[in-house]
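Inspection log for the structure reproduced underneath, given as structure tokens.
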Amino acid sequence: MKDFYSTYLTSLMQREGNFFSRSFQSKGENIFHGEILDSEFCDYTVKLVKEHIYNIDKFVNPTNSMHSSAVSTQELGIKNFVDTFAKDILEDVVNSLFLNRSKIIFDSIHSYIVRYGAKYDRELGLHVDDSIVTMNLCLNDGFSGSDLILNGTTCPIHMDTAIINNQEICIKQKKGFMILHAGKNRHYVTPIESGERYNLIAWCQNNDEKNKWFEALNNNHCLDYCEIS
Ligand SMILES: [Zn+2]
């Protein structure tokens, strides 16, 4: 298994410098969508998750519903691959694509795989991520519904205010395609209508940004990038 991911990483590193930034299409301010990883990667990873979940369900914790809907990349043994991919490849891409006042640095990466389906998580309510940039990569096809809806970058005090309908950006998940968005762009997932959807999520974090967020929360301040105020 390790061999698959290290070989895959080497092949990604050998791509032309602008392959990734050329692959992304802009969907809104600091929101990008593009075909980044191939079917082989997606199929291999879904198989890995299914085998892992099967083992957990059967042998370890049959009643824990958390484990049936999300599994960390650490548990799966692919955290190093995701960390390297995010830091060595996508950090540069993000800096060439995102409109920002200063260079974005990923201090740490928190990554996991989610599963949506009638028997698992069906949808997800409005929230922001604990990240400066989120990578959301769809690993399969054969489902309907379960769209990602983004509604504007927010500060902590405006994040729970009413949805602004004319600012909504809807993205349909597609196998091998990654959505890149600012972590503080609040978003939700519409109900899944059929099938199952597996996505690899990576929260790319930055300590200074995290501190700014909590400072604003504690002092009840809006932040300069907030689009909701
Ligand atoms: Zn605000």
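Labels for the structure tokens follow display order: chains A, B, ..., residues from 1 in each chain, ligands from 1.
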Site check for ligand 1: residues at most 12 Å away, only C-alpha atoms and all ligand atoms, as a CSV table (one decimal) with N, CA and C atoms, in the first residue's frame:
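Heads up, here's the output in part-v9.csv:
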chain,number,residue,atom,x,y,z
A,152,GLY,N,-19.9,32.3,1.2
A,152,GLY,CA,-19.2,33.6,1.5
A,152,GLY,C,-18.3,33.4,2.7
A,153,THR,N,-17.1,34.1,2.6
A,153,THR,CA,-16.1,34.0,3.7
A,153,THR,C,-16.6,34.9,4.8
A,154,THR,N,-16.4,34.3,6.0
A,154,THR,CA,-17.0,35.0,7.2
A,154,THR,C,-16.0,35.0,8.4
A,155,CYS,N,-16.3,35.9,9.3
A,155,CYS,CA,-15.6,36.0,10.6
A,155,CYS,C,-16.4,35.2,11.6
A,156,PRO,N,-15.9,35.0,12.8
A,156,PRO,CA,-16.7,34.1,13.7
A,156,PRO,C,-18.0,34.7,14.2
A,157,ILE,N,-18.1,36.0,14.2
A,157,ILE,CA,-19.4,36.6,14.7
A,157,ILE,C,-20.5,36.6,13.7
A,158,HIS,N,-20.1,36.5,12.4
A,158,HIS,CA,-21.2,36.5,11.4
A,158,HIS,C,-21.4,35.2,10.8
A,159,MET,N,-20.8,34.1,11.3
A,159,MET,CA,-20.9,32.8,10.6
A,159,MET,C,-22.2,32.2,10.7
A,160,ASP,N,-23.0,32.5,11.7
A,160,ASP,CA,-24.3,31.9,11.9
A,160,ASP,C,-25.5,32.8,11.4
A,161,THR,N,-25.2,33.9,10.8
A,161,THR,CA,-26.2,34.7,10.3
A,161,THR,C,-26.9,34.1,9.1
A,184,LYS,N,-12.7,29.4,5.8
A,184,LYS,CA,-13.7,30.2,6.4
A,184,LYS,C,-14.8,30.7,5.5
A,185,ASN,N,-14.8,30.1,4.3
A,185,ASN,CA,-16.0,30.3,3.4
A,185,ASN,C,-17.1,29.3,3.9
A,186,ARG,N,-18.1,29.8,4.5
A,186,ARG,CA,-19.1,29.0,5.2
A,186,ARG,C,-19.8,28.1,4.1
A,213,TRP,N,-8.6,34.3,14.4
A,213,TRP,CA,-10.0,33.9,14.4
A,213,TRP,C,-10.5,33.9,15.9
A,216,ALA,N,-10.7,37.4,17.4
A,216,ALA,CA,-12.0,38.1,16.9
A,216,ALA,C,-13.2,37.5,17.6
A,217,LEU,N,-13.2,36.2,17.9
A,217,LEU,CA,-14.3,35.6,18.6
A,217,LEU,C,-14.4,36.1,20.0
A,220,ASN,N,-15.3,39.8,20.0
A,220,ASN,CA,-16.5,40.1,19.3
A,220,ASN,C,-16.3,41.1,18.1
A,221,HIS,N,-15.2,40.8,17.4
A,221,HIS,CA,-14.8,41.7,16.2
A,221,HIS,C,-15.0,41.0,14.9
A,222,CYS,N,-15.4,41.8,13.9
A,222,CYS,CA,-15.4,41.3,12.5
A,222,CYS,C,-14.0,41.3,12.0
A,223,LEU,N,-13.7,40.4,11.0
A,223,LEU,CA,-12.4,40.4,10.4
A,223,LEU,C,-12.5,41.0,9.0
A,224,ASP,N,-11.3,41.5,8.5
A,224,ASP,CA,-11.4,42.3,7.3
A,224,ASP,C,-11.8,41.5,6.0
A,225,TYR,N,-11.6,40.2,6.0
A,225,TYR,CA,-12.0,39.4,4.9
A,225,TYR,C,-13.5,39.0,4.9
A,226,CYS,N,-14.2,39.4,6.0
A,226,CYS,CA,-15.6,38.9,6.1
A,226,CYS,C,-16.5,39.5,5.1
A,227,GLU,N,-17.2,38.6,4.3
A,227,GLU,CA,-18.1,39.1,3.2
A,227,GLU,C,-19.6,39.1,3.7
A,228,ILE,N,-19.8,38.7,4.9
A,228,ILE,CA,-21.2,38.5,5.4
A,228,ILE,C,-21.7,39.7,6.2
A,229,SER,N,-20.8,40.5,6.7
A,229,SER,CA,-21.2,41.6,7.6
A,229,SER,C,-22.0,42.7,6.9
Exercise. Could you write out, as JSON, numbers by chain, all the residues of stretch 151-222 of chain A that DSSP marks as strand (DSSP E or B)?
Worked result: {"A": [151, 152, 153, 169, 170, 171, 177, 178, 179, 180, 181, 182, 185, 186, 187, 188, 189, 192, 193, 194, 196, 197, 198, 199, 200, 201, 202, 203, 204, 205]}
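Considering only C-alpha atoms, the residue among A:Asp141, A:Glu35, A:Asp129, A:Glu40 positioned nearest to A:Gly195 is A:Asp141.
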With a cut-off of 9 Å, could you pull out the residues of stretch 59-149 of chain A touching stretch 201-211 of chain A and give me the nearest pair of atoms for each, distance in Å to one decimal, using only C-alpha atoms, ordered by chain and ascending number, as JSON lines?
{"residue": "A:Val82", "atom": "CA", "partner": "A:Ala202", "partner_atom": "CA", "distance": 7.6}
{"residue": "A:Asp83", "atom": "CA", "partner": "A:Ala202", "partner_atom": "CA", "distance": 8.6}
{"residue": "A:Ala86", "atom": "CA", "partner": "A:Cys204", "partner_atom": "CA", "distance": 7.6}
{"residue": "A:Lys87", "atom": "CA", "partner": "A:Cys204", "partner_atom": "CA", "distance": 8.6}
{"residue": "A:Glu91", "atom": "CA", "partner": "A:Cys204", "partner_atom": "CA", "distance": 8.9}
{"residue": "A:Ile104", "atom": "CA", "partner": "A:Asn206", "partner_atom": "CA", "distance": 8.0}
{"residue": "A:Ile105", "atom": "CA", "partner": "A:Asn206", "partner_atom": "CA", "distance": 6.3}
{"residue": "A:Phe106", "atom": "CA", "partner": "A:Gln205", "partner_atom": "CA", "distance": 5.3}
{"residue": "A:Asp107", "atom": "CA", "partner": "A:Asn206", "partner_atom": "CA", "distance": 5.0}
{"residue": "A:Ser108", "atom": "CA", "partner": "A:Gln205", "partner_atom": "CA", "distance": 5.2}
{"residue": "A:Ile109", "atom": "CA", "partner": "A:Cys204", "partner_atom": "CA", "distance": 4.7}
{"residue": "A:His110", "atom": "CA", "partner": "A:Trp203", "partner_atom": "CA", "distance": 5.0}
{"residue": "A:Ser111", "atom": "CA", "partner": "A:Ala202", "partner_atom": "CA", "distance": 4.1}
{"residue": "A:Tyr112", "atom": "CA", "partner": "A:Ile201", "partner_atom": "CA", "distance": 5.5}
{"residue": "A:Ile113", "atom": "CA", "partner": "A:Ile201", "partner_atom": "CA", "distance": 6.0}
{"residue": "A:Val114", "atom": "CA", "partner": "A:Ile201", "partner_atom": "CA", "distance": 7.5}
{"residue": "A:Asp129", "atom": "CA", "partner": "A:Trp203", "partner_atom": "CA", "distance": 7.2}
{"residue": "A:Asp130", "atom": "CA", "partner": "A:Trp203", "partner_atom": "CA", "distance": 6.7}
{"residue": "A:Ser131", "atom": "CA", "partner": "A:Gln205", "partner_atom": "CA", "distance": 4.5}
{"residue": "A:Ile132", "atom": "CA", "partner": "A:Gln205", "partner_atom": "CA", "distance": 5.3}
{"residue": "A:Val133", "atom": "CA", "partner": "A:Cys204", "partner_atom": "CA", "distance": 5.3}
{"residue": "A:Thr134", "atom": "CA", "partner": "A:Trp203", "partner_atom": "CA", "distance": 4.8}
{"residue": "A:Met135", "atom": "CA", "partner": "A:Ala202", "partner_atom": "CA", "distance": 5.1}
{"residue": "A:Asn136", "atom": "CA", "partner": "A:Ile201", "partner_atom": "CA", "distance": 4.6}
{"residue": "A:Leu137", "atom": "CA", "partner": "A:Ile201", "partner_atom": "CA", "distance": 6.3}
{"residue": "A:Cys138", "atom": "CA", "partner": "A:Ile201", "partner_atom": "CA", "distance": 8.8}
For this session: Find the residue from A:Ser23, A:Gln173, A:Ser146, A:Asn30 that sits nearest to A:Leu124; use only C-alpha atoms when measuring.
Result: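 Checking each candidate against A:Leu124, we get A:Ser146 as the closest.
Considering the residues A:Leu76, A:Phe143, A:Asn18, A:Pro191 and counting only C-alpha atoms, A:Asp92 has its shortest atom-to-atom contact with A:Asn18.
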Problem set entry | Å distance separating atom CA of A:Met178 from atom CA of A:Phe20, one decimal place |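 For atom CA of A:Met178 relative to atom CA of A:Phe20, the distance reads 10.5 Å.
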Stretch 50-229 of chain A: residues DSSP assigns to alpha helix (DSSP H), reported as a PDB file with C-alpha atoms, in the first residue's frame:
ATOM      1  CA  LYS A  50     -14.048   0.109   2.624  1.00  0.00           C
ATOM      2  CA  GLU A  51     -11.682  -2.603   3.834  1.00  0.00           C
ATOM      3  CA  HIS A  52     -10.741  -0.510   6.862  1.00  0.00           C
ATOM      4  CA  ILE A  53     -14.353   0.279   7.783  1.00  0.00           C
ATOM      5  CA  TYR A  54     -15.307  -3.352   7.303  1.00  0.00           C
ATOM      6  CA  ASN A  55     -12.618  -4.363   9.770  1.00  0.00           C
ATOM      7  CA  SER A  65     -21.478   5.547  14.091  1.00  0.00           C
ATOM      8  CA  MET A  66     -18.654   8.132  13.919  1.00  0.00           C
ATOM      9  CA  HIS A  67     -16.413   5.482  12.471  1.00  0.00           C
ATOM     10  CA  SER A  68     -18.855   4.557   9.764  1.00  0.00           C
ATOM     11  CA  SER A  69     -18.976   8.118   8.434  1.00  0.00           C
ATOM     12  CA  THR A  73      -5.896   9.397   7.083  1.00  0.00           C
ATOM     13  CA  GLN A  74      -3.629   8.567  10.030  1.00  0.00           C
ATOM     14  CA  GLU A  75      -5.736   5.480  10.742  1.00  0.00           C
ATOM     15  CA  LEU A  76      -5.640   4.553   7.064  1.00  0.00           C
ATOM     16  CA  LYS A  79      -1.421  10.794   6.250  1.00  0.00           C
ATOM     17  CA  ASN A  80       2.153  11.229   4.989  1.00  0.00           C
ATOM     18  CA  PHE A  81       0.972  11.113   1.382  1.00  0.00           C
ATOM     19  CA  VAL A  82      -1.725  13.750   2.010  1.00  0.00           C
ATOM     20  CA  ASP A  83       0.653  15.987   4.013  1.00  0.00           C
ATOM     21  CA  THR A  84       3.313  15.904   1.295  1.00  0.00           C
ATOM     22  CA  GLU A  91       0.649  25.124  -1.213  1.00  0.00           C
ATOM     23  CA  ASP A  92       2.301  26.643  -4.302  1.00  0.00           C
ATOM     24  CA  VAL A  93      -0.849  26.200  -6.385  1.00  0.00           C
ATOM     25  CA  VAL A  94      -2.968  27.897  -3.728  1.00  0.00           C
ATOM     26  CA  ASN A  95      -0.557  30.827  -3.613  1.00  0.00           C
ATOM     27  CA  SER A  96      -0.745  31.262  -7.375  1.00  0.00           C
ATOM     28  CA  LEU A  97      -4.551  31.013  -7.459  1.00  0.00           C
ATOM     29  CA  ASN A 207      -1.482  29.091  13.370  1.00  0.00           C
ATOM     30  CA  ASP A 208      -1.483  32.882  12.893  1.00  0.00           C
ATOM     31  CA  GLU A 209      -4.846  32.732  11.106  1.00  0.00           C
ATOM     32  CA  LYS A 210      -6.221  30.430  13.791  1.00  0.00           C
ATOM     33  CA  ASN A 211      -5.131  32.890  16.497  1.00  0.00           C
ATOM     34  CA  LYS A 212      -6.743  35.811  14.611  1.00  0.00           C
ATOM     35  CA  TRP A 213     -10.016  33.879  14.433  1.00  0.00           C
ATOM     36  CA  PHE A 214     -10.110  33.164  18.182  1.00  0.00           C
ATOM     37  CA  GLU A 215      -9.053  36.722  19.028  1.00  0.00           C
ATOM     38  CA  ALA A 216     -11.962  38.053  16.902  1.00  0.00           C
ATOM     39  CA  LEU A 217     -14.318  35.566  18.578  1.00  0.00           C
ATOM     40  CA  ASN A 218     -13.212  36.567  22.079  1.00  0.00           C
ATOM     41  CA  ASN A 219     -13.362  40.307  21.338  1.00  0.00           C
TER      42      ASN A 219
END
For this session: Can you work out the spacing between atom CA of A:Lys103 and atom CA of A:Lys172 in Å, to one decimal?
Result: 29.0 Å
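Nearest residue to A:Met13 among A:Ile31, A:Ser39, A:Phe85, A:Arg101 is A:Phe85, counting only C-alpha atoms.
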For this session: Give me, please, the distance in Å between atom CA of A:Gln167 and atom CA of A:Asn151, quoted to one decimal.
Result: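 Between these atoms lies a distance of 5.8 Å.
By chain and then residue number, the residues within 10 Å of A:Ser26 are Ile31, Phe32, His33, Gly34, Leu97, Phe98, Ile179 and Leu180 of chain A, counting only C-alpha atoms and disregarding those fewer than 5 positions away in sequence.
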Problem set entry | Selected residue, from A:Ile163, A:Ile192, A:Ile36, A:Leu200, that lies nearest to A:Phe19 when counting only C-alpha atoms |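 Going through A:Ile163, A:Ile192, A:Ile36, A:Leu200 one by one, the smallest distance to A:Phe19 is for A:Ile36.
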